[in-house]
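Trainee: What follows is the file work-v9.tsv, containing TSV, C-alpha atoms:
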chain	number	residue	atom	x	y	z
H	1	MET	CA	9.39	6.35	36.88
H	2	SER	CA	12.00	4.35	34.99
H	3	HIS	CA	12.36	3.87	31.23
H	4	ALA	CA	13.81	0.94	29.31
H	5	ILE	CA	16.44	2.10	26.80
H	6	VAL	CA	17.30	-0.19	23.88
H	7	LEU	CA	20.34	0.38	21.66
H	8	PRO	CA	22.55	-1.63	19.28
H	9	ARG	CA	25.24	-3.50	21.21
H	10	ILE	CA	28.00	-2.03	19.01
H	11	MET	CA	28.09	1.30	17.17
H	12	GLU	CA	31.05	2.27	15.00
H	13	ILE	CA	30.75	5.92	13.99
H	14	GLY	CA	32.88	8.08	11.69
H	15	LYS	CA	34.65	8.35	8.37
H	16	ASN	CA	35.53	4.95	6.87
H	17	ALA	CA	33.91	3.11	9.79
H	18	CYS	CA	33.11	0.30	7.33
H	19	GLN	CA	36.71	-0.84	7.60
H	20	LYS	CA	35.90	-2.15	11.09
H	21	LEU	CA	33.32	-4.63	9.77
H	22	PRO	CA	35.58	-7.74	10.00
H	23	GLN	CA	36.46	-6.97	13.62
H	24	ILE	CA	32.79	-6.53	14.46
H	25	LEU	CA	31.89	-9.88	12.91
H	26	SER	CA	34.71	-11.51	14.84
H	27	SER	CA	33.54	-9.96	18.12
H	28	LEU	CA	30.09	-11.40	17.50
H	29	GLY	CA	31.49	-14.86	16.77
H	30	VAL	CA	30.06	-15.03	13.23
H	31	SER	CA	31.82	-15.65	9.93
H	32	LYS	CA	29.30	-16.39	7.17
H	33	PRO	CA	27.26	-13.25	6.51
H	34	LEU	CA	24.60	-12.63	3.88
H	35	ILE	CA	24.67	-9.05	2.59
H	36	ILE	CA	21.08	-7.87	2.12
H	37	THR	CA	20.93	-4.79	-0.07
H	38	ASP	CA	19.33	-3.45	-3.25
H	39	LYS	CA	20.37	-3.26	-6.87
H	40	MET	CA	21.37	0.40	-6.60
H	41	MET	CA	23.94	-0.45	-3.90
H	42	VAL	CA	25.32	-3.12	-6.22
H	43	GLN	CA	25.34	-0.71	-9.17
H	44	LEU	CA	27.14	1.98	-7.15
H	45	GLY	CA	29.76	-0.53	-6.04
H	46	TYR	CA	29.00	-0.38	-2.31
H	47	ALA	CA	28.16	-4.09	-2.07
H	48	LYS	CA	31.45	-4.96	-3.78
H	49	GLN	CA	33.29	-2.56	-1.44
H	50	VAL	CA	31.87	-4.38	1.59
H	51	GLN	CA	32.76	-7.77	0.12
H	52	GLU	CA	36.34	-6.62	-0.53
H	53	ILE	CA	36.69	-5.43	3.07
H	54	LEU	CA	35.55	-8.87	4.19
H	55	SER	CA	37.61	-10.89	1.72
H	56	ALA	CA	40.75	-9.04	2.80
H	57	GLN	CA	40.25	-10.81	6.13
H	58	SER	CA	39.36	-14.14	4.46
H	59	ILE	CA	35.63	-13.77	5.17
H	60	SER	CA	33.41	-14.99	2.34
H	61	SER	CA	29.98	-13.47	1.80
H	62	ASP	CA	27.04	-13.60	-0.58
H	63	VAL	CA	24.88	-10.73	-1.81
H	64	HIS	CA	21.09	-10.71	-1.90
H	65	ASP	CA	19.95	-7.61	-3.79
H	66	ASP	CA	16.24	-8.25	-4.33
H	67	THR	CA	14.94	-5.72	-1.78
H	68	ILE	CA	12.76	-2.89	-3.05
H	69	PRO	CA	11.76	0.58	-1.83
H	70	GLU	CA	8.85	0.31	0.62
H	71	PRO	CA	9.30	-3.48	1.15
H	72	THR	CA	6.37	-5.87	0.95
H	73	ASP	CA	5.60	-9.36	2.20
H	74	SER	CA	6.34	-10.76	-1.26
H	75	SER	CA	9.54	-8.74	-1.81
H	76	ILE	CA	11.17	-10.28	1.27
H	77	ALA	CA	10.15	-13.86	0.41
H	78	SER	CA	13.23	-14.72	-1.65
H	79	GLY	CA	15.49	-13.39	1.11
H	80	VAL	CA	13.70	-15.52	3.69
H	81	ASP	CA	14.19	-18.59	1.48
H	82	LYS	CA	17.88	-17.78	1.05
H	83	VAL	CA	18.41	-17.50	4.80
H	84	ARG	CA	16.58	-20.75	5.45
H	85	THR	CA	18.68	-22.72	2.97
H	86	GLY	CA	22.05	-20.94	2.88
H	87	GLY	CA	23.56	-21.72	6.25
H	88	TYR	CA	24.30	-18.08	7.06
H	89	ASP	CA	25.07	-17.07	10.63
H	90	SER	CA	24.58	-13.31	10.26
H	91	ILE	CA	23.14	-10.55	8.06
H	92	ILE	CA	24.81	-7.36	6.87
H	93	ALA	CA	22.06	-4.88	6.00
H	94	LEU	CA	23.44	-2.36	3.51
H	95	GLY	CA	21.44	0.56	2.16
H	96	GLY	CA	18.66	2.93	3.13
H	97	GLY	CA	15.74	2.13	5.38
H	98	SER	CA	14.15	-0.32	2.95
H	99	PRO	CA	17.05	-2.84	2.81
H	100	ILE	CA	17.56	-2.52	6.58
H	101	ASP	CA	13.84	-3.01	7.28
H	102	SER	CA	13.80	-5.94	4.86
H	103	ALA	CA	16.80	-7.48	6.60
H	104	LYS	CA	15.09	-7.22	9.98
H	105	ALA	CA	12.04	-9.09	8.72
H	106	ILE	CA	14.16	-11.66	6.89
H	107	SER	CA	16.21	-12.27	10.05
H	108	ILE	CA	13.12	-13.19	12.06
H	109	LEU	CA	11.09	-15.01	9.37
H	110	GLY	CA	14.16	-16.88	8.16
H	111	LYS	CA	14.69	-18.34	11.62
H	112	PHE	CA	11.17	-18.68	13.03
H	113	GLY	CA	8.94	-18.99	9.95
H	114	GLY	CA	5.40	-17.73	9.51
H	115	VAL	CA	4.34	-14.63	7.59
H	116	ILE	CA	5.03	-11.03	8.47
H	117	ARG	CA	1.44	-10.38	9.60
H	118	ASP	CA	2.07	-12.88	12.41
H	119	TYR	CA	4.54	-10.38	13.86
H	120	LYS	CA	2.39	-7.25	13.56
H	121	PHE	CA	2.18	-4.88	16.54
H	122	PRO	CA	0.82	-5.15	19.27
H	123	ARG	CA	2.74	-8.44	19.31
H	124	LEU	CA	6.22	-7.73	20.70
H	125	VAL	CA	8.89	-9.66	18.81
H	126	ASN	CA	11.62	-10.38	21.35
H	127	GLU	CA	12.89	-13.57	19.74
H	128	THR	CA	16.53	-13.52	18.61
H	129	GLY	CA	16.90	-13.88	14.85
H	130	LEU	CA	20.12	-13.86	12.88
H	131	PRO	CA	22.34	-11.03	14.17
H	132	ILE	CA	22.16	-7.95	11.95
H	133	ILE	CA	25.00	-5.53	11.28
H	134	ALA	CA	23.32	-2.46	9.79
H	135	ILE	CA	25.23	-0.11	7.48
H	136	PRO	CA	22.98	2.81	6.47
H	137	THR	CA	23.73	4.66	3.24
H	138	THR	CA	21.21	7.46	3.74
H	139	ALA	CA	20.86	9.99	6.54
H	140	GLY	CA	17.22	9.53	7.28
H	141	THR	CA	15.45	6.48	8.60
H	142	GLY	CA	17.55	5.74	11.68
H	143	SER	CA	16.56	2.10	11.16
H	144	GLU	CA	20.06	1.01	12.16
H	145	ALA	CA	19.20	2.00	15.74
H	146	THR	CA	15.55	0.97	16.08
H	147	LYS	CA	13.53	-2.05	17.14
H	148	PHE	CA	10.96	-1.43	14.38
H	149	THR	CA	10.38	-2.64	10.86
H	150	ILE	CA	7.57	-1.75	8.47
H	151	ILE	CA	6.51	-4.19	5.75
H	152	THR	CA	3.49	-3.77	3.47
H	153	ASP	CA	0.91	-6.54	3.29
H	154	GLU	CA	0.14	-6.43	-0.44
H	155	ALA	CA	-3.24	-8.15	-0.14
H	156	SER	CA	-4.64	-5.40	2.09
H	157	ASN	CA	-2.38	-2.49	1.08
H	158	GLU	CA	-1.54	-2.10	4.76
H	159	LYS	CA	1.85	-1.13	6.13
H	160	LEU	CA	2.44	-3.48	9.04
H	161	LEU	CA	4.33	-2.03	11.98
H	162	CYS	CA	6.40	-4.73	13.69
H	163	VAL	CA	8.06	-4.01	17.01
H	164	GLY	CA	10.46	-5.73	19.40
H	165	VAL	CA	14.09	-6.08	20.40
H	166	GLY	CA	14.29	-8.99	17.94
H	167	PHE	CA	14.39	-6.37	15.17
H	168	MET	CA	17.18	-4.29	16.73
H	169	PRO	CA	20.48	-4.61	14.83
H	170	VAL	CA	23.18	-5.97	17.09
H	171	ALA	CA	25.67	-3.58	15.48
H	172	ALA	CA	25.46	-0.37	13.46
H	173	ILE	CA	28.19	1.15	11.29
H	174	ILE	CA	27.62	4.88	10.77
H	175	ASP	CA	29.91	5.91	7.91
H	176	TYR	CA	28.86	9.21	6.32
H	177	THR	CA	31.11	8.66	3.28
H	178	LEU	CA	28.47	6.24	1.99
H	179	THR	CA	26.00	9.14	1.65
H	180	ILE	CA	28.15	11.38	-0.57
H	181	SER	CA	26.59	10.05	-3.79
H	182	VAL	CA	22.96	10.18	-2.58
H	183	PRO	CA	20.97	12.34	-5.06
H	184	PRO	CA	19.19	15.54	-3.95
H	185	ARG	CA	15.65	14.09	-3.97
H	186	THR	CA	16.59	11.18	-1.71
H	187	THR	CA	18.75	13.47	0.42
H	188	ALA	CA	15.76	15.75	0.99
H	189	ASP	CA	13.25	13.00	1.69
H	190	THR	CA	15.46	11.09	4.11
H	191	GLY	CA	16.61	14.29	5.81
H	192	ILE	CA	13.05	15.41	6.48
H	193	ASP	CA	12.31	11.90	7.72
H	194	ALA	CA	15.11	12.23	10.28
H	195	MET	CA	13.88	15.67	11.31
H	196	THR	CA	10.36	14.28	11.74
H	197	HIS	CA	11.69	11.43	13.90
H	198	ALA	CA	13.39	13.92	16.20
H	199	ILE	CA	10.42	16.29	16.46
H	200	GLU	CA	7.93	13.50	17.09
H	201	ALA	CA	10.19	11.79	19.63
H	202	TYR	CA	10.43	15.08	21.54
H	203	VAL	CA	6.71	15.93	21.54
H	204	SER	CA	5.45	12.34	21.91
H	205	GLN	CA	3.41	11.45	24.96
H	206	LYS	CA	5.94	8.64	25.46
H	207	GLN	CA	8.99	10.91	25.60
H	208	ASN	CA	11.41	10.56	28.50
H	209	PRO	CA	14.53	12.41	29.69
H	210	TYR	CA	16.84	10.18	27.66
H	211	SER	CA	14.93	10.36	24.38
H	212	GLU	CA	14.38	14.10	24.61
H	213	GLN	CA	18.12	14.79	24.85
H	214	GLN	CA	18.81	12.59	21.81
H	215	ALA	CA	16.02	14.35	19.90
H	216	LEU	CA	17.26	17.85	20.65
H	217	SER	CA	20.82	16.88	19.75
H	218	ALA	CA	19.56	15.46	16.46
H	219	LEU	CA	17.67	18.67	15.64
H	220	ARG	CA	20.74	20.79	16.38
H	221	LEU	CA	22.66	18.77	13.79
H	222	ILE	CA	19.89	18.55	11.19
H	223	GLY	CA	18.64	22.14	11.29
H	224	PRO	CA	21.78	23.90	9.95
H	225	ASN	CA	22.71	21.13	7.51
H	226	LEU	CA	19.68	19.71	5.70
H	227	GLN	CA	19.52	22.44	3.08
H	228	LYS	CA	23.31	22.37	2.71
H	229	VAL	CA	23.43	18.71	1.75
H	230	TYR	CA	20.45	19.11	-0.57
H	231	HIS	CA	22.22	21.84	-2.53
H	232	ASP	CA	25.76	20.45	-2.21
H	233	GLY	CA	26.00	16.73	-1.65
H	234	LYS	CA	29.80	16.88	-1.53
H	235	ASP	CA	29.82	18.98	1.66
H	236	GLU	CA	31.43	16.39	3.94
H	237	LYS	CA	30.93	18.31	7.19
H	238	ALA	CA	27.22	18.69	6.46
H	239	ARG	CA	26.94	15.05	5.39
H	240	GLU	CA	28.62	13.92	8.61
H	241	ALA	CA	26.30	16.08	10.72
H	242	MET	CA	23.22	14.73	8.94
H	243	MET	CA	24.38	11.12	9.34
H	244	LEU	CA	24.92	11.50	13.07
H	245	GLY	CA	21.69	13.50	13.41
H	246	SER	CA	19.77	10.74	11.65
H	247	THR	CA	21.13	8.07	14.00
H	248	LEU	CA	20.43	10.17	17.10
H	249	ALA	CA	16.89	10.77	15.85
H	250	GLY	CA	16.52	7.00	15.42
H	251	VAL	CA	17.75	6.44	18.96
H	252	ALA	CA	15.29	9.09	20.17
H	253	PHE	CA	12.13	7.70	18.62
H	254	ASN	CA	13.18	4.11	19.27
H	255	ASN	CA	13.14	4.91	22.97
H	256	SER	CA	9.99	7.04	22.93
H	257	SER	CA	7.79	6.79	19.84
H	258	VAL	CA	6.74	8.46	16.65
H	259	ALA	CA	3.34	10.11	16.50
H	260	LEU	CA	0.69	11.46	14.14
H	261	VAL	CA	2.86	12.26	11.12
H	262	HIS	CA	4.11	8.68	10.93
H	263	GLY	CA	0.70	7.20	11.64
H	264	MET	CA	-0.79	9.11	8.71
H	265	SER	CA	2.27	8.67	6.51
H	266	ARG	CA	2.20	4.87	6.34
H	267	PRO	CA	-1.15	4.59	4.46
H	268	ILE	CA	0.03	7.20	1.94
H	269	GLY	CA	3.02	5.00	1.19
H	270	ALA	CA	0.99	1.81	1.09
H	271	PHE	CA	-1.77	3.05	-1.24
H	272	PHE	CA	0.11	5.49	-3.47
H	273	HIS	CA	3.73	4.25	-3.23
H	274	VAL	CA	4.98	7.61	-2.04
H	275	PRO	CA	8.45	7.17	-0.48
H	276	HIS	CA	8.20	7.24	3.29
H	277	GLY	CA	10.30	10.35	3.88
H	278	LEU	CA	8.42	12.23	1.17
H	279	SER	CA	5.01	11.41	2.66
H	280	ASN	CA	6.29	12.59	6.04
H	281	ALA	CA	7.38	15.83	4.41
H	282	MET	CA	3.95	16.31	2.85
H	283	LEU	CA	2.30	15.94	6.26
H	284	LEU	CA	4.74	17.64	8.62
H	285	PRO	CA	3.68	21.32	8.27
H	286	ALA	CA	-0.06	20.63	8.59
H	287	VAL	CA	0.26	18.11	11.41
H	288	THR	CA	2.65	20.38	13.31
H	289	GLU	CA	0.26	23.32	13.01
H	290	PHE	CA	-2.59	21.07	14.20
H	291	SER	CA	-0.60	19.73	17.15
H	292	ILE	CA	1.11	22.85	18.53
H	293	PRO	CA	-1.84	23.99	20.73
H	294	ALA	CA	-1.45	20.81	22.84
H	295	ALA	CA	2.31	21.18	23.42
H	296	PRO	CA	3.41	24.73	22.58
H	297	SER	CA	6.52	24.74	24.75
H	298	ARG	CA	7.80	21.47	23.31
H	299	TYR	CA	7.37	22.55	19.71
H	300	ALA	CA	9.05	25.85	20.59
H	301	ASP	CA	12.01	23.88	21.95
H	302	CYS	CA	12.21	22.10	18.60
H	303	ALA	CA	12.19	25.42	16.74
H	304	ARG	CA	15.08	26.70	18.87
H	305	ALA	CA	17.06	23.46	18.49
H	306	LEU	CA	16.63	23.62	14.71
H	307	GLY	CA	17.96	27.17	14.79
H	308	VAL	CA	14.83	28.78	13.28
H	309	ALA	CA	13.97	30.58	16.56
H	310	THR	CA	16.11	32.09	19.29
H	311	THR	CA	15.98	32.12	23.07
H	312	SER	CA	14.61	35.66	22.88
H	313	ASP	CA	11.50	34.41	21.05
H	314	ASP	CA	8.58	33.46	23.26
H	315	ASP	CA	6.87	30.13	22.58
H	316	ASN	CA	4.23	31.64	20.30
H	317	GLN	CA	6.82	33.45	18.19
H	318	ALA	CA	9.01	30.35	18.05
H	319	ASN	CA	6.11	28.21	16.88
H	320	GLN	CA	5.07	30.69	14.21
H	321	LYS	CA	8.64	30.59	12.94
H	322	LEU	CA	8.62	26.77	13.04
H	323	ILE	CA	5.50	26.52	10.87
H	324	ALA	CA	6.86	29.10	8.42
H	325	PHE	CA	10.18	27.20	8.26
H	326	LEU	CA	8.52	23.84	7.56
H	327	LYS	CA	6.45	25.30	4.73
H	328	GLN	CA	9.42	27.16	3.26
H	329	LEU	CA	11.57	24.02	3.56
H	330	ASN	CA	9.07	21.98	1.55
H	331	ASP	CA	9.10	24.66	-1.14
H	332	GLU	CA	12.90	24.80	-1.24
H	333	LEU	CA	13.25	21.01	-1.29
H	334	LYS	CA	10.52	20.72	-3.93
H	335	VAL	CA	8.19	18.50	-1.90
H	336	PRO	CA	5.13	17.86	-4.12
H	337	THR	CA	1.49	17.79	-3.15
H	338	LEU	CA	-0.33	14.49	-3.63
H	339	ALA	CA	-1.78	15.86	-6.87
H	340	GLU	CA	1.68	16.85	-8.12
H	341	PHE	CA	2.96	13.39	-7.20
H	342	GLY	CA	0.33	11.95	-9.55
H	343	VAL	CA	-2.22	10.50	-7.13
H	344	ASP	CA	-5.68	10.07	-8.63
H	345	LYS	CA	-8.15	12.21	-6.67
H	346	ALA	CA	-11.11	9.89	-7.18
H	347	TYR	CA	-9.11	6.94	-5.87
H	348	PHE	CA	-7.88	9.02	-2.94
H	349	ASP	CA	-11.47	10.01	-2.05
H	350	SER	CA	-12.59	6.38	-2.23
H	351	ILE	CA	-10.02	5.10	0.26
H	352	VAL	CA	-9.24	8.06	2.52
H	353	GLU	CA	-11.47	6.72	5.32
H	354	THR	CA	-9.63	3.38	5.13
H	355	MET	CA	-6.39	5.35	5.38
H	356	CYS	CA	-7.68	6.92	8.60
H	357	ASP	CA	-8.62	3.53	9.99
H	358	GLN	CA	-5.16	2.14	9.23
H	359	ALA	CA	-3.45	5.20	10.71
H	360	PHE	CA	-5.36	4.86	13.98
H	361	ALA	CA	-4.78	1.09	14.03
H	362	SER	CA	-1.01	1.65	13.96
H	363	GLY	CA	-1.21	3.25	17.40
H	364	SER	CA	1.09	6.15	16.46
H	365	PRO	CA	-1.61	8.88	16.43
H	366	ASN	CA	-2.34	8.13	20.09
H	367	ASN	CA	1.21	9.21	20.97
H	368	ASN	CA	0.62	12.68	19.53
H	369	PRO	CA	0.25	15.66	21.89
H	370	ARG	CA	-3.13	16.31	20.26
H	371	ILE	CA	-5.02	13.18	19.21
H	372	PRO	CA	-7.29	13.89	16.25
H	373	THR	CA	-10.84	12.76	15.76
H	374	LYS	CA	-11.51	10.87	12.56
H	375	ASP	CA	-13.03	14.01	11.03
H	376	GLU	CA	-9.92	16.00	11.96
H	377	MET	CA	-7.68	13.36	10.39
H	378	LEU	CA	-9.78	13.38	7.24
H	379	SER	CA	-9.37	17.14	7.09
H	380	LEU	CA	-5.59	16.82	7.48
H	381	TYR	CA	-5.41	14.25	4.70
H	382	ARG	CA	-7.53	16.39	2.38
H	383	SER	CA	-5.34	19.42	3.05
H	384	LEU	CA	-2.49	17.65	1.24
H	385	TRP	CA	-4.15	18.55	-2.07
H	386	SER	CA	-3.79	22.31	-1.54
Would you mind writing the file out in structure tokens?
Mentor:
Amino acid sequence: MSHAIVLPRIMEIGKNACQKLPQILSSLGVSKPLIITDKMMVQLGYAKQVQEILSAQSISSDVHDDTIPEPTDSSIASGVDKVRTGGYDSIIALGGGSPIDSAKAISILGKFGGVIRDYKFPRLVNETGLPIIAIPTTAGTGSEATKFTIITDEASNEKLLCVGVGFMPVAAIIDYTLTISVPPRTTADTGIDAMTHAIEAYVSQKQNPYSEQQALSALRLIGPNLQKVYHDGKDEKAREAMMLGSTLAGVAFNNSSVALVHGMSRPIGAFFHVPHGLSNAMLLPAVTEFSIPAAPSRYADCARALGVATTSDDDNQANQKLIAFLKQLNDELKVPTLAEFGVDKAYFDSIVETMCDQAFASGSPNNNPRIPTKDEMLSLYRSLWS
């Protein structure tokens, strides 16, 4: 059986990789980029830094900074309008997963029109939009190396999963120096997101020999370094390991799939505005414990790759250590329960069945080693209060 592997055409990886941006644009035959980012990247000076790198090579650029965390159909509208009227030939997506996801949607809608729901999975979006050069500033989403984007439909409070090679950045610049200033909370949330990507890619029913090697490599980088960067954001070696681990995890799940954690995570973000990585973190211990009986050897491999179990541990011992590690990690990284996050219990109870329906509709739960019934998913959701 063969497997189709999709990757960015160009990947520039390492310290100060951003300096190669002008050469990358030249190799792609483009010269009028729009930088899509958020206000924090402008405030921190990263957008200006990118513009200075470009202007040093006589490349002019504009900045669009109206993206928001957990992007919505309305939040991307002004970017779509700008692309349609500005005469740009490329997009530089600068920031965490939200600006990169926004840029992907803007690239397609700006060229082909329509609304984002028109592009919802199971439609495969293989049209070629404006070429995207993705520059991630967090070690977490892996969006710079995936053919996915997730945009919330505000009218229905549904996170729309959109899939296709049309959303794959043509180039990715992986420069860990851009993550040095990321605060501990974001470092934790995005780091757990990357770890979840790698675990789910490895245990997914759609895994393949290529994706599993990327996933294990990602876990070997993330396991020893996630807590280090949370406690000491200036640790460059740990930051570099997390950045590469995040990208490898993105490559892994892009070429296999995510599973139950992500399927259940999206409605939490849509209804309660919990950041995506944080909702993954809330779910990961319970979903892992639920899923292990269907793939004990695979989860044990993950435990060993993370460094929380050894080759002398049998699969059962390794998995017990994995569950204990995930729970301890959430405590150490101060991951809140839904109640601690401030979610209203009555509202949660009123929409939790809709959350289940949306999770199943995304397709991700069907990739899980153990596919839950609706009652089992309800039980998993309700466990987030304890």
Trainee: From the list H:Ser2, H:Asn280, H:Gln227, H:Thr72, which residue is nearest Ser156 in chain H when using all atoms listed in the file?
Mentor: H:Thr72
Trainee: So that I can see what lies close to Asp349 in chain H, please list as a list in words the residues with an atom at most 12 Å from it, counting only C-alpha atoms and leaving out residues fewer than 4 positions away in the same chain.
Mentor: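 Neighbouring residues, sequence-local ones excluded: Phe271, Val343, Asp344, Lys345, Glu353, Thr354, Met355, Cys356, Leu378, Ser379, Tyr381, Arg382 and Trp385 of chain H.
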Trainee: Check the smallest atom-to-atom distance from each of H:Ile36, H:Ser58, H:Met168, H:Thr137 to Ile10 in chain H using all atoms listed in the file, then report the winner.
Mentor: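 Among H:Ile36, H:Ser58, H:Met168, H:Thr137, it is H:Met168 that comes nearest to Ile10 in chain H.
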Trainee: If you count all atoms listed in the file, which residues fall within 9 Å of Gly223 in chain H, apart from same-chain ones fewer than 4 positions away, as a PyMOL selection string?
Mentor: chain H and resi 195+218-219+227+305-308
Trainee: Taking all atoms listed in the file into account, produce a table as a Markdown table in which each residue of range 171-200 of chain H with an atom at most 6 Å from an atom of range 236-253 of chain H appears once, together with its shortest atom pair and the distance in Å to one decimal, ordered by chain and rising number.
Mentor:
| residue | atom | partner | partner_atom | distance |
| --- | --- | --- | --- | --- |
| H:Tyr176 | CA | H:Glu240 | CA | 5.2 |
| H:Ala194 | CA | H:Ser246 | CA | 5.1 |
| H:His197 | CA | H:Ala249 | CA | 5.6 |
| H:Ala198 | CA | H:Ala249 | CA | 4.7 |
Trainee: Find, counting all atoms listed in the file, the residue in H:Ser181, H:Thr128, H:Gln214, H:Ser350 that gets nearest to Ile108 in chain H.
Mentor: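 Between H:Ser181, H:Thr128, H:Gln214, H:Ser350, the residue approaching Ile108 in chain H most closely is H:Thr128.
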Trainee: So how far away is CA of Pro22 in chain H from CA of Leu54 in chain H, in Å?
Mentor: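 Calculated distance between CA of Leu54 in chain H and CA of Pro22 in chain H is 5.9 Å.
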Trainee: List the spatial neighbours of Asp89 in chain H as an NGL selection string - criterion: any atom at most 8 Å away, all atoms listed in the file, same-chain residues fewer than 5 positions off excluded.
Mentor: :H and (30-33 or 130-131)
Trainee: Between H:Arg298, H:Arg9, H:Lys120, H:His262, single out the one closest to Ala215 in chain H, counting all atoms listed in the file.
Mentor: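 Selected residue with least distance to Ala215 in chain H: H:Arg298.
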